[in-house]
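Coordinates as given in final_3.tsv (TSV, C-alpha atoms and all ligand atoms):
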```tsv
chain	number	residue	atom	x	y	z
A	1	MET	CA	76.46	124.03	105.78
A	2	ILE	CA	75.50	124.87	109.38
A	3	ASN	CA	76.02	122.47	112.32
A	4	MET	CA	77.01	119.62	110.07
A	5	LYS	CA	77.07	116.07	111.44
A	6	THR	CA	78.19	112.87	109.79
A	7	THR	CA	77.85	109.21	110.80
A	8	HIS	CA	80.31	106.40	110.17
A	9	ASN	CA	79.25	102.81	110.41
A	10	ILE	CA	81.72	99.92	110.56
A	11	LEU	CA	80.25	96.54	109.63
A	12	PHE	CA	82.26	93.40	110.35
A	13	GLN	CA	80.87	91.03	107.74
A	14	ASP	CA	81.46	89.54	104.31
A	15	ALA	CA	80.97	92.19	101.62
A	16	ARG	CA	79.70	89.57	99.15
A	17	ASP	CA	76.31	90.05	100.80
A	18	LEU	CA	75.44	93.62	101.76
A	19	LYS	CA	71.72	93.07	102.24
A	20	ASN	CA	71.75	95.41	105.27
A	21	ILE	CA	72.67	98.29	102.92
A	22	PRO	CA	69.66	99.43	100.88
A	23	SER	CA	69.82	99.53	97.08
A	24	GLU	CA	70.65	102.95	95.60
A	25	SER	CA	71.73	104.45	98.93
A	26	VAL	CA	75.45	105.09	98.40
A	27	ASP	CA	77.05	108.08	96.63
A	28	LEU	CA	80.62	106.86	96.17
A	29	VAL	CA	82.67	103.70	96.60
A	30	VAL	CA	86.38	104.08	97.38
A	31	THR	CA	88.14	100.80	97.98
A	32	SER	CA	91.07	98.49	97.49
A	33	PRO	CA	90.36	94.74	97.52
A	34	PRO	CA	92.82	92.01	98.44
A	35	TYR	CA	94.89	91.55	95.27
A	36	PRO	CA	94.42	88.14	93.59
A	37	MET	CA	97.65	86.15	93.15
A	38	ILE	CA	99.64	88.29	95.58
A	39	GLU	CA	100.82	85.76	98.14
A	40	MET	CA	99.92	87.77	101.22
A	41	TRP	CA	96.23	87.34	100.32
A	42	ASP	CA	96.27	83.58	99.51
A	43	GLU	CA	95.04	82.60	102.96
A	44	MET	CA	92.33	85.26	103.06
A	45	PHE	CA	90.98	84.09	99.68
A	46	SER	CA	91.33	80.40	100.58
A	47	HIS	CA	89.19	80.93	103.70
A	48	GLN	CA	86.43	82.17	101.47
A	49	ASN	CA	86.74	79.34	98.93
A	50	GLN	CA	88.58	76.10	99.68
A	51	GLY	CA	88.97	75.51	95.93
A	52	ILE	CA	91.57	78.29	95.86
A	53	GLN	CA	93.87	76.46	98.25
A	54	ASP	CA	93.42	73.29	96.18
A	55	ALA	CA	94.23	75.12	92.94
A	56	LEU	CA	97.35	76.69	94.47
A	57	ALA	CA	98.43	73.31	95.86
A	58	CYS	CA	98.16	71.84	92.33
A	59	SER	CA	100.06	74.82	90.89
A	60	ASP	CA	97.04	75.74	88.80
A	61	GLY	CA	97.62	79.48	88.76
A	62	MET	CA	94.87	80.33	86.28
A	63	GLN	CA	92.24	78.42	88.29
A	64	ALA	CA	93.28	80.10	91.55
A	65	TYR	CA	93.19	83.50	89.80
A	66	ALA	CA	89.70	82.79	88.40
A	67	LEU	CA	88.31	81.68	91.78
A	68	MET	CA	89.81	84.66	93.61
A	69	HIS	CA	88.14	87.01	91.15
A	70	GLN	CA	84.81	85.21	91.58
A	71	ILE	CA	84.91	86.34	95.22
A	72	LEU	CA	85.58	89.93	94.20
A	73	ASP	CA	82.91	89.76	91.45
A	74	ALA	CA	80.24	89.10	94.08
A	75	VAL	CA	81.33	92.26	95.92
A	76	TRP	CA	81.31	94.36	92.72
A	77	ASP	CA	77.73	93.14	92.07
A	78	GLU	CA	76.73	94.44	95.50
A	79	VAL	CA	78.59	97.71	94.88
A	80	PHE	CA	76.55	98.20	91.69
A	81	ARG	CA	73.29	97.51	93.55
A	82	VAL	CA	73.88	99.90	96.45
A	83	LEU	CA	75.22	102.82	94.37
A	84	LYS	CA	72.78	105.54	93.37
A	85	ASN	CA	72.40	106.44	89.72
A	86	GLY	CA	75.12	108.78	88.42
A	87	ARG	CA	77.56	107.85	91.19
A	88	PHE	CA	81.15	106.57	90.98
A	89	ALA	CA	83.22	103.67	92.20
A	90	CYS	CA	87.00	104.16	92.50
A	91	ILE	CA	88.90	100.90	92.87
A	92	ASN	CA	92.60	100.78	93.69
A	93	ILE	CA	94.09	97.56	92.32
A	94	GLY	CA	97.54	96.30	91.38
A	95	ASP	CA	98.38	93.51	88.96
A	96	ALA	CA	100.32	90.53	90.30
A	97	THR	CA	103.45	88.80	89.06
A	98	ARG	CA	104.07	85.26	90.22
A	99	THR	CA	105.94	82.12	89.34
A	100	VAL	CA	103.65	79.10	89.37
A	101	ASN	CA	105.02	75.74	88.23
A	102	GLY	CA	108.23	77.37	87.04
A	103	ASN	CA	106.32	79.85	84.88
A	104	PHE	CA	106.68	83.55	85.67
A	105	CYS	CA	103.73	85.58	84.45
A	106	LEU	CA	101.52	88.59	85.03
A	107	TYR	CA	98.02	88.23	86.43
A	108	PRO	CA	96.28	91.36	85.10
A	109	ASN	CA	93.88	92.03	87.98
A	110	HIS	CA	92.90	95.50	86.78
A	111	ALA	CA	91.79	94.20	83.37
A	112	ARG	CA	89.85	91.31	84.92
A	113	ILE	CA	88.01	93.61	87.34
A	114	LEU	CA	87.25	96.23	84.70
A	115	THR	CA	85.81	93.58	82.39
A	116	HIS	CA	83.44	92.43	85.12
A	117	LEU	CA	82.44	96.01	86.00
A	118	LEU	CA	81.53	96.67	82.35
A	119	ASN	CA	79.61	93.40	82.13
A	120	ILE	CA	77.39	94.33	85.06
A	121	GLY	CA	76.53	97.76	83.65
A	122	PHE	CA	79.14	100.27	84.84
A	123	SER	CA	80.62	102.79	82.37
A	124	ALA	CA	84.39	103.14	82.42
A	125	LEU	CA	85.97	106.58	82.82
A	126	PRO	CA	89.65	107.50	82.39
A	127	ASP	CA	91.62	105.77	85.12
A	128	ILE	CA	94.57	106.89	87.23
A	129	LEU	CA	97.96	105.22	87.33
A	130	TRP	CA	99.34	105.52	90.80
A	131	ARG	CA	103.12	105.16	90.57
A	132	LYS	CA	104.56	103.73	93.74
A	133	GLN	CA	108.22	103.66	94.64
A	134	ALA	CA	109.42	100.07	95.05
A	135	ASN	CA	112.35	100.00	97.43
A	136	THR	CA	113.00	96.29	97.27
A	137	PRO	CA	116.58	95.20	96.57
A	138	ASN	CA	115.28	92.62	94.07
A	139	LYS	CA	113.66	95.31	92.03
A	140	PHE	CA	114.83	93.90	88.71
A	141	MET	CA	113.63	90.42	87.84
A	142	GLY	CA	114.76	87.83	85.33
A	143	SER	CA	117.98	87.52	83.37
A	144	GLY	CA	119.66	90.70	84.58
A	145	MET	CA	121.69	92.44	81.88
A	146	LEU	CA	121.03	89.71	79.32
A	147	PRO	CA	118.24	90.35	76.86
A	148	ALA	CA	115.06	88.42	76.17
A	149	GLY	CA	114.58	87.11	79.69
A	150	ALA	CA	114.29	90.13	81.99
A	151	TYR	CA	111.05	91.60	83.19
A	152	VAL	CA	109.79	95.11	83.67
A	153	THR	CA	109.37	96.03	87.35
A	154	LEU	CA	105.80	96.69	88.40
A	155	GLU	CA	105.84	100.02	90.19
A	156	HIS	CA	102.35	101.21	89.44
A	157	GLU	CA	98.84	100.43	90.52
A	158	TYR	CA	95.55	101.41	88.98
A	159	ILE	CA	92.66	103.42	90.28
A	160	LEU	CA	89.76	102.26	88.14
A	161	ILE	CA	86.99	104.83	87.91
A	162	VAL	CA	83.54	103.72	86.82
A	163	ARG	CA	80.09	105.26	86.92
A	164	LYS	CA	76.65	103.75	87.36
A	165	GLY	CA	74.15	105.29	84.95
A	166	SER	CA	74.14	108.79	83.60
A	167	LYS	CA	75.75	111.97	84.88
A	168	ARG	CA	74.78	113.14	88.39
A	169	GLU	CA	72.63	116.24	88.52
A	170	PHE	CA	72.61	118.97	91.14
A	171	LYS	CA	69.16	120.46	90.83
A	172	THR	CA	68.08	122.44	93.90
A	173	GLU	CA	69.76	125.65	95.07
A	174	ALA	CA	70.83	123.85	98.27
A	175	GLU	CA	72.48	121.07	96.24
A	176	LYS	CA	74.27	123.61	94.08
A	177	GLU	CA	75.48	125.56	97.11
A	178	ASN	CA	76.78	122.40	98.77
A	179	ARG	CA	78.61	121.46	95.56
A	180	ARG	CA	80.26	124.90	95.44
A	181	GLU	CA	81.39	124.54	99.09
A	182	SER	CA	82.84	121.12	98.23
A	183	GLY	CA	85.03	122.49	95.40
A	184	LEU	CA	88.78	122.12	94.90
A	185	PHE	CA	91.34	124.86	94.41
A	186	TRP	CA	92.50	125.37	90.82
A	187	GLU	CA	96.05	124.25	91.56
A	188	GLU	CA	94.76	121.09	93.29
A	189	ARG	CA	92.54	120.25	90.34
A	190	ASN	CA	95.52	120.39	87.97
A	191	ILE	CA	97.31	117.68	89.95
A	192	TRP	CA	94.42	115.60	91.27
A	193	TYR	CA	92.79	115.14	87.86
A	194	SER	CA	96.00	114.14	86.09
A	195	ASP	CA	96.08	110.51	84.96
A	196	VAL	CA	99.41	109.63	86.64
A	197	TRP	CA	99.86	110.25	90.36
A	198	THR	CA	103.48	110.30	91.40
A	199	ASP	CA	103.22	112.64	94.35
A	200	ILE	CA	101.40	110.32	96.74
A	201	LYS	CA	103.86	108.56	98.93
A	202	GLY	CA	104.37	108.21	102.61
A	203	THR	CA	101.57	110.61	103.46
A	204	GLY	CA	99.87	107.81	105.32
A	205	GLN	CA	102.73	107.79	107.79
A	206	LYS	CA	101.46	110.80	109.68
A	207	LEU	CA	98.14	109.10	110.23
A	208	ALA	CA	99.84	105.80	111.00
A	209	LYS	CA	101.89	107.51	113.67
A	210	ALA	CA	98.87	109.29	115.12
A	211	MET	CA	96.99	106.03	115.30
A	212	SER	CA	99.99	103.86	116.10
A	213	ARG	CA	98.96	101.16	113.72
A	214	SER	CA	100.45	98.89	111.13
A	215	ARG	CA	99.53	99.96	107.62
A	216	SER	CA	101.16	97.30	105.50
A	217	ALA	CA	98.22	96.82	103.09
A	218	ALA	CA	96.66	100.20	103.64
A	219	PHE	CA	96.46	102.81	100.95
A	220	PRO	CA	97.68	106.32	101.81
A	221	PHE	CA	95.23	108.70	103.45
A	222	ASP	CA	95.84	111.21	100.62
A	223	LEU	CA	94.65	108.71	98.05
A	224	ALA	CA	91.30	108.15	99.77
A	225	TYR	CA	90.93	111.85	100.62
A	226	ARG	CA	91.55	112.97	97.02
A	227	LEU	CA	89.12	110.47	95.52
A	228	ILE	CA	86.41	111.37	98.02
A	229	ASN	CA	86.85	115.07	97.29
A	230	MET	CA	86.98	114.53	93.51
A	231	TYR	CA	83.93	112.29	93.19
A	232	SER	CA	81.48	113.27	95.95
A	233	VAL	CA	80.16	116.30	97.81
A	234	LYS	CA	79.78	117.04	101.52
A	235	GLY	CA	77.10	115.02	103.23
A	236	ASP	CA	77.34	112.15	100.70
A	237	MET	CA	77.52	108.50	101.76
A	238	ILE	CA	80.86	106.78	101.02
A	239	LEU	CA	81.22	103.00	101.07
A	240	ASP	CA	84.41	100.95	101.37
A	241	PRO	CA	83.56	97.21	101.16
A	242	PHE	CA	87.19	96.24	101.96
A	243	LEU	CA	87.85	98.64	104.82
A	244	GLY	CA	91.04	97.14	106.31
A	245	THR	CA	92.57	99.64	108.71
A	246	GLY	CA	89.84	102.25	108.16
A	247	THR	CA	91.62	104.77	105.92
A	248	THR	CA	88.45	105.49	103.92
A	249	THR	CA	86.47	106.11	107.12
A	250	ALA	CA	89.13	108.55	108.33
A	251	ALA	CA	89.19	110.35	104.96
A	252	ALA	CA	85.38	110.55	104.90
A	253	MET	CA	85.38	112.07	108.40
A	254	THR	CA	87.97	114.66	107.35
A	255	SER	CA	85.95	115.45	104.20
A	256	GLY	CA	82.56	115.92	105.88
A	257	ARG	CA	81.06	112.84	104.27
A	258	ASN	CA	79.16	109.95	105.90
A	259	SER	CA	80.57	106.48	105.50
A	260	ILE	CA	80.04	102.76	105.76
A	261	GLY	CA	83.07	100.52	106.00
A	262	VAL	CA	82.78	96.75	105.60
A	263	GLU	CA	85.54	94.42	106.78
A	264	ILE	CA	85.47	90.63	107.06
A	265	ASP	CA	88.28	90.40	109.60
A	266	GLU	CA	87.06	91.42	113.06
A	267	SER	CA	90.59	91.70	114.37
A	268	PHE	CA	90.75	95.06	112.56
A	269	GLN	CA	88.40	96.46	115.19
A	270	HIS	CA	91.40	97.23	117.39
A	271	VAL	CA	92.98	99.17	114.57
A	272	ILE	CA	89.91	101.04	113.31
A	273	CYS	CA	88.40	102.18	116.61
A	274	PRO	CA	91.38	104.30	117.78
A	275	ILE	CA	90.51	106.58	114.84
A	276	ALA	CA	88.01	108.28	117.15
A	277	HIS	CA	90.75	109.35	119.55
A	278	HIS	CA	92.94	111.03	116.98
A	279	ILE	CA	90.80	112.06	114.04
A	280	VAL	CA	89.79	115.53	115.25
A	281	ASP	CA	93.36	116.80	115.62
A	282	PHE	CA	94.59	114.89	112.59
A	283	SER	CA	91.81	116.20	110.32
A	284	ASN	CA	92.07	119.79	111.46
A	285	ASP	CA	95.85	119.77	110.91
A	286	TYR	CA	95.30	118.20	107.50
A	287	LEU	CA	92.72	120.84	106.48
A	288	HIS	CA	94.93	123.56	107.88
A	289	ASP	CA	97.85	122.29	105.77
A	290	ARG	CA	95.62	122.20	102.70
A	291	LEU	CA	94.74	125.84	103.21
A	292	LEU	CA	98.38	126.76	103.87
A	293	ARG	CA	99.36	125.11	100.60
A	294	HIS	CA	96.83	127.30	98.84
A	295	TYR	CA	98.28	130.40	100.49
A	296	ALA	CA	101.76	129.37	99.35
A	297	PHE	CA	100.42	128.92	95.82
A	298	VAL	CA	98.86	132.39	96.01
A	299	GLU	CA	102.15	133.90	97.15
A	300	ASN	CA	104.03	132.30	94.23
A	301	ARG	CA	101.41	133.39	91.76
A	302	ILE	CA	101.59	136.96	93.00
A	303	GLN	CA	105.36	136.89	92.65
A	304	ASP	CA	104.99	135.58	89.08
A	305	SER	CA	102.45	138.34	88.33
A	306	LYS	CA	99.88	135.80	87.23
A	307	PRO	CA	96.18	136.61	87.56
A	308	LEU	CA	94.10	135.88	90.66
A	309	LYS	CA	90.77	137.37	89.74
A	310	TYR	CA	88.48	136.18	92.52
A	311	ILE	CA	88.31	136.08	96.32
A	312	ASN	CA	87.14	133.11	98.38
A	313	LYS	CA	84.44	134.51	100.62
A	314	HIS	CA	85.14	132.23	103.59
A	315	TYR	CA	88.91	132.75	103.78
A	316	ASN	CA	89.12	136.20	102.23
A	317	CYS	CA	91.83	134.79	100.05
A	318	PRO	CA	92.53	135.10	96.30
A	319	VAL	CA	91.61	132.24	93.99
A	320	VAL	CA	92.03	131.75	90.25
A	321	THR	CA	88.48	130.89	89.14
A	322	SER	CA	84.96	131.93	90.07
A	323	GLN	CA	84.19	128.29	91.03
A	324	GLU	CA	86.57	128.53	94.01
A	325	GLN	CA	84.85	131.46	95.72
A	326	PHE	CA	82.77	129.33	98.07
A	327	ILE	CA	85.14	126.46	98.96
A	328	PHE	CA	84.84	125.82	102.67
A	329	PHE	CA	86.50	123.22	104.90
A	330	ASN	CA	84.37	122.08	107.84
A	331	THR	CA	86.72	121.53	110.74
A	332	LEU	CA	85.88	118.73	113.15
A	333	GLU	CA	84.63	119.48	116.66
A	334	THR	CA	83.84	116.11	118.23
A	335	VAL	CA	83.77	112.40	117.47
A	336	GLN	CA	81.47	110.26	119.50
A	337	ALA	CA	81.49	106.49	119.51
A	338	CYS	CA	77.87	105.40	119.61
A	339	LYS	CA	76.74	101.80	119.87
A	340	ASP	CA	77.67	98.96	117.51
A	341	ASN	CA	80.69	100.56	115.84
A	342	ILE	CA	78.87	103.69	114.77
A	343	PHE	CA	80.73	106.99	115.09
A	344	GLU	CA	79.18	110.42	114.92
A	345	VAL	CA	81.24	113.47	113.95
A	346	THR	CA	80.20	117.09	114.51
A	347	TYR	CA	81.75	119.95	112.58
A	348	SER	CA	82.24	123.63	113.10
A	349	SER	CA	80.61	126.08	110.74
A	350	LYS	CA	83.23	128.78	111.43
A	351	SER	CA	86.24	129.20	109.16
A	352	GLN	CA	88.46	130.73	111.87
A	353	ASP	CA	88.50	127.37	113.67
A	354	LEU	CA	91.32	126.45	111.33
A	355	ASN	CA	93.45	128.76	113.48
A	356	PHE	CA	94.78	130.34	110.38
A	357	GLU	CA	95.95	133.90	110.76
A	358	LYS	CA	93.58	135.25	108.18
A	359	PRO	CA	94.64	138.42	106.37
A	360	SER	CA	92.78	141.41	107.77
A	361	GLU	CA	92.09	142.57	104.23
A	362	PRO	CA	92.09	140.66	100.94
A	363	LEU	CA	95.48	139.81	99.53
A	364	VAL	CA	96.22	142.07	96.63
A	365	ARG	CA	98.25	141.54	93.54
A	366	ASN	CA	101.08	143.67	94.80
A	367	LYS	CA	103.82	141.63	96.40
A	368	THR	CA	104.65	144.22	99.06
A	369	LYS	CA	101.08	144.28	100.38
A	370	THR	CA	100.70	140.52	100.75
A	371	ARG	CA	99.42	139.71	104.22
A	372	ILE	CA	100.43	136.05	104.40
A	373	ASN	CA	102.02	135.24	107.72
A	374	PRO	CA	105.66	134.46	106.79
A	375	SER	CA	106.15	131.94	109.60
A	376	GLN	CA	103.31	129.90	108.16
A	377	LEU	CA	104.90	129.88	104.75
A	378	SER	CA	108.26	128.77	106.09
A	379	MET	CA	106.51	126.00	108.04
A	380	LEU	CA	104.96	124.84	104.82
A	381	ASN	CA	108.19	124.93	102.88
A	382	ALA	CA	109.93	122.95	105.59
A	383	GLN	CA	107.49	120.04	105.18
B	401	LIG	C1	93.89	95.68	100.59
B	401	LIG	S1	93.07	95.51	102.11
B	401	LIG	C2	92.28	97.09	102.29
B	401	LIG	C3	93.17	98.10	102.90
B	401	LIG	C4	92.47	99.42	103.18
B	401	LIG	N1	92.27	100.18	101.98
B	401	LIG	C5	93.28	100.23	104.18
B	401	LIG	O1	93.63	101.39	103.89
B	401	LIG	O2	93.58	99.71	105.26
B	401	LIG	C6	91.72	94.45	101.78
B	401	LIG	C7	90.84	94.17	102.95
B	401	LIG	O3	89.70	93.44	102.51
B	401	LIG	C8	89.31	92.53	103.53
B	401	LIG	N2	88.45	91.50	102.90
B	401	LIG	C9	88.82	90.43	102.16
B	401	LIG	N3	87.74	89.76	101.72
B	401	LIG	C10	86.64	90.40	102.18
B	401	LIG	C11	85.25	90.21	102.05
B	401	LIG	N4	84.74	89.17	101.35
B	401	LIG	N5	84.41	91.07	102.67
B	401	LIG	C12	84.90	92.13	103.38
B	401	LIG	N6	86.22	92.36	103.54
B	401	LIG	C13	87.09	91.52	102.95
B	401	LIG	C14	90.64	92.04	104.08
B	401	LIG	O4	90.49	91.51	105.38
B	401	LIG	C15	91.49	93.31	104.02
B	401	LIG	O5	91.45	93.97	105.26
```
Please express the file's structure as structure tokens.
Ligand SMILES: C[S@@+](CC[C@H](N)C(=O)[O-])C[C@H]1O[C@@H](n2cnc3c(N)ncnc32)[C@H](O)[C@@H]1O
Amino acid sequence: MINMKTTHNILFQDARDLKNIPSESVDLVVTSPPYPMIEMWDEMFSHQNQGIQDALACSDGMQAYALMHQILDAVWDEVFRVLKNGRFACINIGDATRTVNGNFCLYPNHARILTHLLNIGFSALPDILWRKQANTPNKFMGSGMLPAGAYVTLEHEYILIVRKGSKREFKTEAEKENRRESGLFWEERNIWYSDVWTDIKGTGQKLAKAMSRSRSAAFPFDLAYRLINMYSVKGDMILDPFLGTGTTTAAAMTSGRNSIGVEIDESFQHVICPIAHHIVDFSNDYLHDRLLRHYAFVENRIQDSKPLKYINKHYNCPVVTSQEQFIFFNTLETVQACKDNIFEVTYSSKSQDLNFEKPSEPLVRNKTKTRINPSQLSMLNAQ
């Protein structure tokens, strides 16, 4: 893709009404809503429906839960409308545990959301369990060592994956070429498409540091980046109707996708807009690291005498399958803040902009002739 540009639009409004986004105009939704019946979101939900505060005040947990989900349902209806046929929505959601009126119970948010998604016409696909590490001292709840009154600790969240309509088709030669450039490395695919993710933790910290922002309710950058790269191709339009701190926008920029982020709370403007100042360096480092990880994989595979039959034509680097020959990361050149919270990103079309010391000739399957720069490998191992 030559001289690629993407645009990123931040809309501060209620996502229950997205009439300014045309029907069938979005290629992928990646999002995480406020979680019903998790206390930190009570106020946010109550602002949108006074009945929720009343229900909580009367200790009517089931009524509060139902009303909170009615708010989310309206957003899922809009998500269905704006998605193109054959496109996906990936929704990160955790269940809630709560004691209301002396009764401790689980509020199964993921099941409630999935039921609504199926009712409005989405098809469910295998979901992902994202296993988080809970570091709280009160990790174990209930009657301690005594049976029949202790509760399992919730340490996982769901990523629900649903599709609107039938399978997406890539018909023209240009569409097929773009899809090939958007591919994943074989070793990434084996981890990214597994149904339990345990390796995503703390990776948001690097971004948090770069953007000096609080990320208490934010999902990790890696989570958004993976989903975008698994379920869309370069140039697609990504929507996050619950944008929060702007992680999905940042991941879309890094991935060469366009995006729209919707957020009801305007105070997030001060958190989202600094993205522009840091995203070029952050993204290019991130893409560089991704390539270095592939080189480390190649090195190990050569040492294990396992086959690497193909060469990626952009990086002159061995890959396992023919589908990886055209993978290409577009590094970022500039980010411009245009008017009304619209950002425009330009990308380089040259692979050497990753500053990777590319081997002068293809790596070969003989360990002694491997041209990987050893300092880069040790950098990677030190991470
Ligand atoms: C779990 S947070 C999203 C975090 C985000 N993924 C990130 O990485 O920062 C949910 C967000 O949805 C926003 N929100 C709640 N109700 C909304 C609505 N009706 N329309 C748009 N945004 C809403 C909240 O203000 C909050 O920022």
Got a sec to check which residues lie within 7 Å of ligand LIG 401 (chain B), using only C-alpha atoms and all ligand atoms, and send them as a PyMOL selection string? chain A and resi 13-16+31-35+44-45+71+215+217-220+241-248+262-265
Neighbouring residues of Trp130 (chain A) were defined as those with any atom within 6 Å, considering all atoms listed in the file; residues of the same chain fewer than 3 positions away were excluded. Please report them as JSON, numbers by chain. {"A": [156, 157, 158, 196, 197]}
Out of A:Phe170, A:Tyr193, A:Phe221, A:Tyr231, which residue has the shortest atom-to-atom distance to Phe88 (chain A) when counting all atoms listed in the file?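 Using all atoms listed in the file, Phe88 (chain A) sits closest to A:Tyr231.
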Among the residues A:Glu175, A:Glu181, A:Asp195, A:Asp222, the one that comes closest to Leu129 (chain A) [using only C-alpha atoms]: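 Once distances to Leu129 (chain A) are computed over only C-alpha atoms, the minimum belongs to A:Asp195.
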Hey, what's within 7 Å of region 105-111 of chain A if we count only C-alpha atoms and toss same-chain stuff fewer than 4 positions away? As JSON, numbers by chain, please? {"A": [36, 93, 94, 95, 96, 97, 98, 99, 115, 158]}
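For the set A:Ala55, A:Met253, A:Val320, A:Met37, the residue with the smallest atom-to-atom gap to Pro307 (chain A) is A:Val320, counting only C-alpha atoms.
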Please report the interatomic distance between CA of Val162 (chain A) and CA of Leu83 (chain A) in Å with one decimal. 11.3 Å
Residue nearest Gln269 (chain A) - candidates A:Ile10, A:Leu114, A:Ile191, A:Val100, atoms counted: all atoms listed in the file: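 With all atoms listed in the file as the atom set, the closest residue is A:Ile10.
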Identify, on the basis of only C-alpha atoms, every residue whose closest approach to Lys164 (chain A) does not exceed 12 Å; exclude the query and any residue fewer than 4 positions from it along the same chain; express the result as a ChimeraX atom specification. /A:24,26-29,76-77,79-90,117-125,168
Region 276-285 of chain A, all listed atoms, 3 Å padding on each side: what axis-aligned box centre and edge lengths in Å to one decimal come out, as JSON?
```
{"center_x": 91.9, "center_y": 114.0, "center_z": 114.9, "size_x": 13.8, "size_y": 17.5, "size_z": 15.2}
```
For CA of Phe328 (chain A) and CA of Asn341 (chain A), quote the distance in Å rounded to one decimal.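 These two atoms are separated by 28.8 Å.
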List the residues sitting within 10 Å of (75.4, 121.2, 100.1) in the file's frame, using all atoms listed in the file, as a PyMOL selection string. chain A and resi 1-2+170+172-182+233-236
How would region 114-127 of chain A of the given structure read as a file with N, CA and C atoms, as a CSV table (one decimal), in the first residue's frame?
```
chain,number,residue,atom,x,y,z
A,114,LEU,N,-24.4,-11.7,25.2
A,114,LEU,CA,-24.4,-12.6,24.0
A,114,LEU,C,-25.9,-12.9,23.6
A,115,THR,N,-26.7,-13.1,24.6
A,115,THR,CA,-28.1,-13.4,24.3
A,115,THR,C,-28.7,-12.2,23.5
A,116,HIS,N,-28.5,-11.0,23.9
A,116,HIS,CA,-29.0,-9.9,23.1
A,116,HIS,C,-28.4,-9.8,21.7
A,117,LEU,N,-27.1,-10.1,21.6
A,117,LEU,CA,-26.5,-10.0,20.3
A,117,LEU,C,-27.1,-11.0,19.3
A,118,LEU,N,-27.4,-12.2,19.9
A,118,LEU,CA,-28.0,-13.3,19.0
A,118,LEU,C,-29.4,-12.9,18.7
A,119,ASN,N,-30.1,-12.3,19.6
A,119,ASN,CA,-31.5,-11.8,19.3
A,119,ASN,C,-31.6,-10.8,18.2
A,120,ILE,N,-30.6,-10.0,18.1
A,120,ILE,CA,-30.7,-8.9,17.1
A,120,ILE,C,-30.1,-9.3,15.8
A,121,GLY,N,-29.6,-10.6,15.7
A,121,GLY,CA,-29.2,-11.1,14.4
A,121,GLY,C,-27.7,-11.4,14.2
A,122,PHE,N,-26.9,-11.2,15.2
A,122,PHE,CA,-25.5,-11.6,15.1
A,122,PHE,C,-25.3,-13.1,15.2
A,123,SER,N,-24.3,-13.7,14.6
A,123,SER,CA,-23.9,-15.1,14.8
A,123,SER,C,-22.7,-15.1,15.8
A,124,ALA,N,-22.8,-16.1,16.7
A,124,ALA,CA,-21.7,-16.2,17.7
A,124,ALA,C,-20.6,-17.0,17.1
A,125,LEU,N,-19.4,-16.6,17.4
A,125,LEU,CA,-18.2,-17.4,17.0
A,125,LEU,C,-17.5,-17.8,18.3
A,126,PRO,N,-16.5,-18.7,18.2
A,126,PRO,CA,-15.8,-19.1,19.5
A,126,PRO,C,-15.2,-17.9,20.1
A,127,ASP,N,-15.4,-17.8,21.4
A,127,ASP,CA,-14.9,-16.6,22.2
A,127,ASP,C,-13.6,-16.9,22.8
```
